[in-house]
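The file entry13.cif comes next; it holds mmCIF, N, CA and C atoms and all ligand atoms.
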data_data
loop_
_atom_site.label_atom_id
_atom_site.label_comp_id
_atom_site.auth_asym_id
_atom_site.auth_seq_id
_atom_site.Cartn_x
_atom_site.Cartn_y
_atom_site.Cartn_z
N VAL A 1 -40.07 -17.57 81.36
CA VAL A 1 -39.61 -18.91 81.03
C VAL A 1 -38.10 -19.01 81.25
N SER A 2 -37.66 -20.19 81.50
CA SER A 2 -36.23 -20.39 81.72
C SER A 2 -35.71 -21.34 80.66
N VAL A 3 -35.52 -20.83 79.49
CA VAL A 3 -35.03 -21.65 78.40
C VAL A 3 -33.51 -21.71 78.48
N ALA A 4 -33.02 -22.89 78.68
CA ALA A 4 -31.57 -23.04 78.80
C ALA A 4 -30.92 -22.80 77.45
N THR A 5 -29.87 -22.06 77.47
CA THR A 5 -29.17 -21.75 76.22
C THR A 5 -27.94 -22.63 76.06
N THR A 6 -27.96 -23.76 76.73
CA THR A 6 -26.78 -24.63 76.68
C THR A 6 -26.80 -25.51 75.45
N ALA A 7 -27.93 -25.59 74.76
CA ALA A 7 -28.02 -26.46 73.59
C ALA A 7 -28.52 -25.68 72.39
N PRO A 8 -27.69 -24.82 71.85
CA PRO A 8 -28.12 -24.03 70.69
C PRO A 8 -28.04 -24.81 69.39
N ALA A 9 -27.56 -26.03 69.47
CA ALA A 9 -27.40 -26.81 68.25
C ALA A 9 -28.76 -27.15 67.66
N PRO A 10 -28.87 -27.11 66.36
CA PRO A 10 -30.13 -27.49 65.72
C PRO A 10 -30.41 -28.97 65.88
N ALA A 11 -31.60 -29.37 65.47
CA ALA A 11 -32.00 -30.76 65.67
C ALA A 11 -31.13 -31.70 64.85
N SER A 12 -30.58 -31.19 63.76
CA SER A 12 -29.78 -32.06 62.91
C SER A 12 -28.51 -32.48 63.62
N ALA A 13 -27.95 -31.58 64.42
CA ALA A 13 -26.72 -31.90 65.12
C ALA A 13 -26.98 -32.74 66.34
N GLN A 14 -28.26 -32.96 66.64
CA GLN A 14 -28.61 -33.73 67.83
C GLN A 14 -28.37 -35.21 67.60
N ALA A 15 -28.40 -35.64 66.38
CA ALA A 15 -28.21 -37.05 66.08
C ALA A 15 -26.78 -37.45 66.39
N GLU A 16 -26.68 -38.48 67.16
CA GLU A 16 -25.35 -38.93 67.52
C GLU A 16 -24.73 -39.68 66.35
N VAL A 17 -23.46 -39.48 66.18
CA VAL A 17 -22.78 -40.09 65.05
C VAL A 17 -22.08 -41.38 65.45
N SER A 18 -22.31 -41.78 66.71
CA SER A 18 -21.66 -43.00 67.16
C SER A 18 -22.24 -44.19 66.40
N PRO A 19 -21.38 -45.02 65.84
CA PRO A 19 -21.87 -46.16 65.05
C PRO A 19 -22.57 -47.19 65.93
N GLN A 20 -22.19 -47.24 67.18
CA GLN A 20 -22.77 -48.24 68.07
C GLN A 20 -23.68 -47.54 69.07
N GLU A 21 -24.97 -47.87 69.00
CA GLU A 21 -25.90 -47.31 69.96
C GLU A 21 -25.89 -48.15 71.22
N VAL A 22 -26.06 -47.47 72.33
CA VAL A 22 -26.06 -48.16 73.61
C VAL A 22 -27.32 -47.81 74.37
N CYS A 23 -27.63 -48.67 75.31
CA CYS A 23 -28.81 -48.44 76.15
C CYS A 23 -28.57 -47.20 77.00
N PRO A 24 -29.57 -46.30 77.08
CA PRO A 24 -29.40 -45.09 77.88
C PRO A 24 -29.34 -45.38 79.37
N LEU A 25 -29.80 -46.56 79.76
CA LEU A 25 -29.82 -46.87 81.20
C LEU A 25 -28.61 -47.69 81.62
N CYS A 26 -28.39 -48.80 80.94
CA CYS A 26 -27.34 -49.71 81.39
C CYS A 26 -26.13 -49.69 80.47
N GLY A 27 -26.25 -49.06 79.32
CA GLY A 27 -25.10 -48.95 78.44
C GLY A 27 -24.84 -50.18 77.61
N ALA A 28 -25.76 -51.11 77.60
CA ALA A 28 -25.58 -52.30 76.79
C ALA A 28 -25.67 -51.93 75.31
N PRO A 29 -24.87 -52.56 74.48
CA PRO A 29 -24.91 -52.25 73.04
C PRO A 29 -26.25 -52.64 72.44
N LEU A 30 -26.72 -51.80 71.51
CA LEU A 30 -28.02 -52.05 70.89
C LEU A 30 -27.83 -52.18 69.39
N LYS A 31 -28.52 -53.14 68.82
CA LYS A 31 -28.52 -53.24 67.38
C LYS A 31 -29.50 -52.21 66.79
N PRO A 32 -29.28 -51.83 65.55
CA PRO A 32 -30.14 -50.78 64.97
C PRO A 32 -31.61 -51.16 64.97
N GLU A 33 -31.90 -52.44 64.84
CA GLU A 33 -33.31 -52.84 64.78
C GLU A 33 -33.90 -53.08 66.16
N GLN A 34 -33.09 -52.94 67.18
CA GLN A 34 -33.58 -53.17 68.54
C GLN A 34 -34.36 -51.96 69.01
N SER A 35 -35.52 -52.21 69.55
CA SER A 35 -36.31 -51.14 70.13
C SER A 35 -36.25 -51.18 71.65
N TRP A 36 -35.83 -52.31 72.18
CA TRP A 36 -35.76 -52.45 73.63
C TRP A 36 -34.41 -53.04 73.99
N CYS A 37 -33.92 -52.61 75.13
CA CYS A 37 -32.66 -53.15 75.62
C CYS A 37 -32.90 -54.58 76.08
N LEU A 38 -32.07 -55.48 75.61
CA LEU A 38 -32.23 -56.88 75.97
C LEU A 38 -31.70 -57.17 77.38
N ARG A 39 -30.94 -56.26 77.93
CA ARG A 39 -30.38 -56.51 79.25
C ARG A 39 -31.30 -56.00 80.35
N CYS A 40 -31.73 -54.76 80.23
CA CYS A 40 -32.53 -54.19 81.31
C CYS A 40 -33.98 -53.93 80.88
N GLY A 41 -34.25 -54.06 79.60
CA GLY A 41 -35.63 -53.91 79.15
C GLY A 41 -36.05 -52.47 78.92
N ALA A 42 -35.12 -51.55 78.99
CA ALA A 42 -35.47 -50.15 78.77
C ALA A 42 -35.79 -49.92 77.30
N ALA A 43 -36.67 -48.97 77.07
CA ALA A 43 -37.00 -48.62 75.69
C ALA A 43 -35.84 -47.81 75.11
N ALA A 44 -35.18 -48.41 74.14
CA ALA A 44 -33.97 -47.76 73.61
C ALA A 44 -34.31 -46.66 72.62
N ARG A 45 -35.45 -46.75 72.01
CA ARG A 45 -35.79 -45.77 70.98
C ARG A 45 -36.68 -44.66 71.52
N THR A 46 -37.40 -44.95 72.56
CA THR A 46 -38.38 -43.98 73.04
C THR A 46 -37.71 -42.69 73.48
N ARG A 47 -36.49 -42.82 73.98
CA ARG A 47 -35.82 -41.62 74.47
C ARG A 47 -35.60 -40.62 73.34
N LEU A 48 -35.21 -41.15 72.19
CA LEU A 48 -34.96 -40.26 71.07
C LEU A 48 -36.28 -39.76 70.48
N ALA A 49 -37.25 -40.68 70.39
CA ALA A 49 -38.50 -40.30 69.75
C ALA A 49 -39.34 -39.41 70.64
N ALA A 50 -39.12 -39.49 71.95
CA ALA A 50 -39.97 -38.74 72.87
C ALA A 50 -39.39 -37.38 73.19
N GLN A 51 -38.44 -36.95 72.41
CA GLN A 51 -37.89 -35.62 72.64
C GLN A 51 -38.53 -34.63 71.69
N PRO A 52 -39.64 -34.05 72.08
CA PRO A 52 -40.27 -33.05 71.20
C PRO A 52 -39.44 -31.79 71.17
N ASN A 53 -39.45 -31.18 70.05
CA ASN A 53 -38.67 -29.97 69.89
C ASN A 53 -39.46 -28.80 70.44
N TRP A 54 -39.72 -28.87 71.76
CA TRP A 54 -40.60 -27.87 72.37
C TRP A 54 -39.94 -26.50 72.40
N LYS A 55 -38.62 -26.48 72.40
CA LYS A 55 -37.96 -25.18 72.38
C LYS A 55 -38.25 -24.45 71.07
N ALA A 56 -38.20 -25.21 69.98
CA ALA A 56 -38.52 -24.60 68.69
C ALA A 56 -39.98 -24.15 68.68
N LEU A 57 -40.84 -24.94 69.31
CA LEU A 57 -42.25 -24.55 69.36
C LEU A 57 -42.41 -23.26 70.15
N VAL A 58 -41.71 -23.16 71.28
CA VAL A 58 -41.79 -21.95 72.10
C VAL A 58 -41.26 -20.76 71.32
N VAL A 59 -40.14 -20.95 70.65
CA VAL A 59 -39.56 -19.87 69.87
C VAL A 59 -40.52 -19.44 68.77
N ALA A 60 -41.10 -20.40 68.08
CA ALA A 60 -42.04 -20.07 67.01
C ALA A 60 -43.24 -19.32 67.57
N LEU A 61 -43.71 -19.77 68.73
CA LEU A 61 -44.86 -19.09 69.35
C LEU A 61 -44.49 -17.66 69.73
N LEU A 62 -43.30 -17.50 70.27
CA LEU A 62 -42.86 -16.16 70.64
C LEU A 62 -42.75 -15.27 69.41
N VAL A 63 -42.25 -15.83 68.33
CA VAL A 63 -42.12 -15.05 67.10
C VAL A 63 -43.51 -14.60 66.63
N VAL A 64 -44.45 -15.52 66.68
CA VAL A 64 -45.81 -15.17 66.25
C VAL A 64 -46.38 -14.07 67.14
N VAL A 65 -46.17 -14.22 68.45
CA VAL A 65 -46.70 -13.21 69.38
C VAL A 65 -46.04 -11.86 69.12
N VAL A 66 -44.74 -11.88 68.95
CA VAL A 66 -44.02 -10.61 68.71
C VAL A 66 -44.50 -9.97 67.42
N LEU A 67 -44.66 -10.78 66.39
CA LEU A 67 -45.13 -10.24 65.12
C LEU A 67 -46.53 -9.67 65.27
N SER A 68 -47.37 -10.40 66.00
CA SER A 68 -48.73 -9.92 66.21
C SER A 68 -48.73 -8.61 66.96
N LEU A 69 -47.89 -8.54 68.00
CA LEU A 69 -47.81 -7.29 68.77
C LEU A 69 -47.27 -6.16 67.89
N GLY A 70 -46.33 -6.50 67.05
CA GLY A 70 -45.78 -5.47 66.17
C GLY A 70 -46.83 -4.95 65.22
N VAL A 71 -47.60 -5.84 64.65
CA VAL A 71 -48.67 -5.43 63.74
C VAL A 71 -49.71 -4.60 64.49
N LEU A 72 -50.02 -5.07 65.70
CA LEU A 72 -51.01 -4.33 66.51
C LEU A 72 -50.48 -2.94 66.85
N ALA A 73 -49.22 -2.86 67.24
CA ALA A 73 -48.64 -1.58 67.57
C ALA A 73 -48.63 -0.66 66.35
N ALA A 74 -48.28 -1.23 65.20
CA ALA A 74 -48.26 -0.41 63.99
C ALA A 74 -49.66 0.09 63.66
N ALA A 75 -50.64 -0.78 63.87
CA ALA A 75 -52.02 -0.36 63.59
C ALA A 75 -52.45 0.75 64.55
N LEU A 76 -52.05 0.60 65.81
CA LEU A 76 -52.42 1.62 66.79
C LEU A 76 -51.74 2.95 66.46
N VAL A 77 -50.48 2.86 66.09
CA VAL A 77 -49.76 4.10 65.74
C VAL A 77 -50.40 4.74 64.52
N LYS A 78 -50.79 3.88 63.57
CA LYS A 78 -51.41 4.43 62.37
C LYS A 78 -52.75 5.10 62.71
N LEU A 79 -53.50 4.45 63.62
CA LEU A 79 -54.78 5.02 64.01
C LEU A 79 -54.56 6.32 64.80
N ALA A 80 -53.57 6.30 65.68
CA ALA A 80 -53.34 7.47 66.52
C ALA A 80 -52.77 8.62 65.69
N GLY A 81 -51.95 8.27 64.72
CA GLY A 81 -51.31 9.33 63.96
C GLY A 81 -52.25 9.83 62.91
ZN ZN A 101 -30.33 -51.44 79.16
#
Show me this structure written as C-alpha cells.
Amino acid sequence: VSVATTAPAPASAQAEVSPQEVCPLCGAPLKPEQSWCLRCGAAARTRLAAQPNWKALVVALLVVVVLSLGVLAAALVKLAG
C-alpha cells in the first residue's frame, strides 16, 4: 500500500477553523446552513462528509492482523517448544 504520510494530523485537526466557509469549487462564500453552493451548485457539505477515515481503518486492520499474527506466532512457538 502507498499510504501517504503527509497528513499525520488526527481527524480533529482536520476541521478548518476558518469562520467563513467557501465553496470548494468556485470559492463563493457559504453560510453555515447552506448545503449547496448558490453560485455553481456544488455540494458544499458532501466534500467534508464524504471523507471516510479510511487511513484509520487501514491502520486498525493492520493492527488487528499484526496482533493476530503475533498470537499465532506465539502459539506456534509454544507448540514447538
Ligand atoms: Zn461554488
Using all atoms listed in the file, find each residue in chain A having at least one atom no more than 6.5 Å away from ligand ZN 101 (chain A); report its shortest atom-to-atom pair and that distance in Å (one decimal), rows by chain then rising number, as JSON lines.
{"residue": "A:Cys23", "atom": "CA", "partner": "A:ZN101", "partner_atom": "ZN", "distance": 4.5}
{"residue": "A:Pro24", "atom": "N", "partner": "A:ZN101", "partner_atom": "ZN", "distance": 5.6}
{"residue": "A:Leu25", "atom": "C", "partner": "A:ZN101", "partner_atom": "ZN", "distance": 4.8}
{"residue": "A:Cys26", "atom": "N", "partner": "A:ZN101", "partner_atom": "ZN", "distance": 3.7}
{"residue": "A:Gly27", "atom": "N", "partner": "A:ZN101", "partner_atom": "ZN", "distance": 4.7}
{"residue": "A:Ala28", "atom": "N", "partner": "A:ZN101", "partner_atom": "ZN", "distance": 4.8}
{"residue": "A:Cys37", "atom": "CA", "partner": "A:ZN101", "partner_atom": "ZN", "distance": 4.6}
{"residue": "A:Leu38", "atom": "N", "partner": "A:ZN101", "partner_atom": "ZN", "distance": 5.7}
{"residue": "A:Arg39", "atom": "C", "partner": "A:ZN101", "partner_atom": "ZN", "distance": 4.8}
{"residue": "A:Cys40", "atom": "N", "partner": "A:ZN101", "partner_atom": "ZN", "distance": 3.8}
{"residue": "A:Gly41", "atom": "N", "partner": "A:ZN101", "partner_atom": "ZN", "distance": 4.7}
{"residue": "A:Ala42", "atom": "N", "partner": "A:ZN101", "partner_atom": "ZN", "distance": 4.8}
Report task. Using atom CA of A:Ala75 and atom CA of A:Val59 as the two end points, give the distance in Å to one decimal. Result ->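 Separating atom CA of A:Ala75 from atom CA of A:Val59 is a distance of 24.0 Å.
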**Report entry** atom CA of A:Thr6 to atom CA of A:Asn53, distance in Å rounded to a single decimal
**Finding:**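 One can read the atom CA of A:Thr6 to atom CA of A:Asn53 distance as 14.7 Å.
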Query - Point-to-point distance from atom N of A:Ala44 to atom C of A:Val22, Å rounded to tenths - result: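 It comes out at 7.9 Å.
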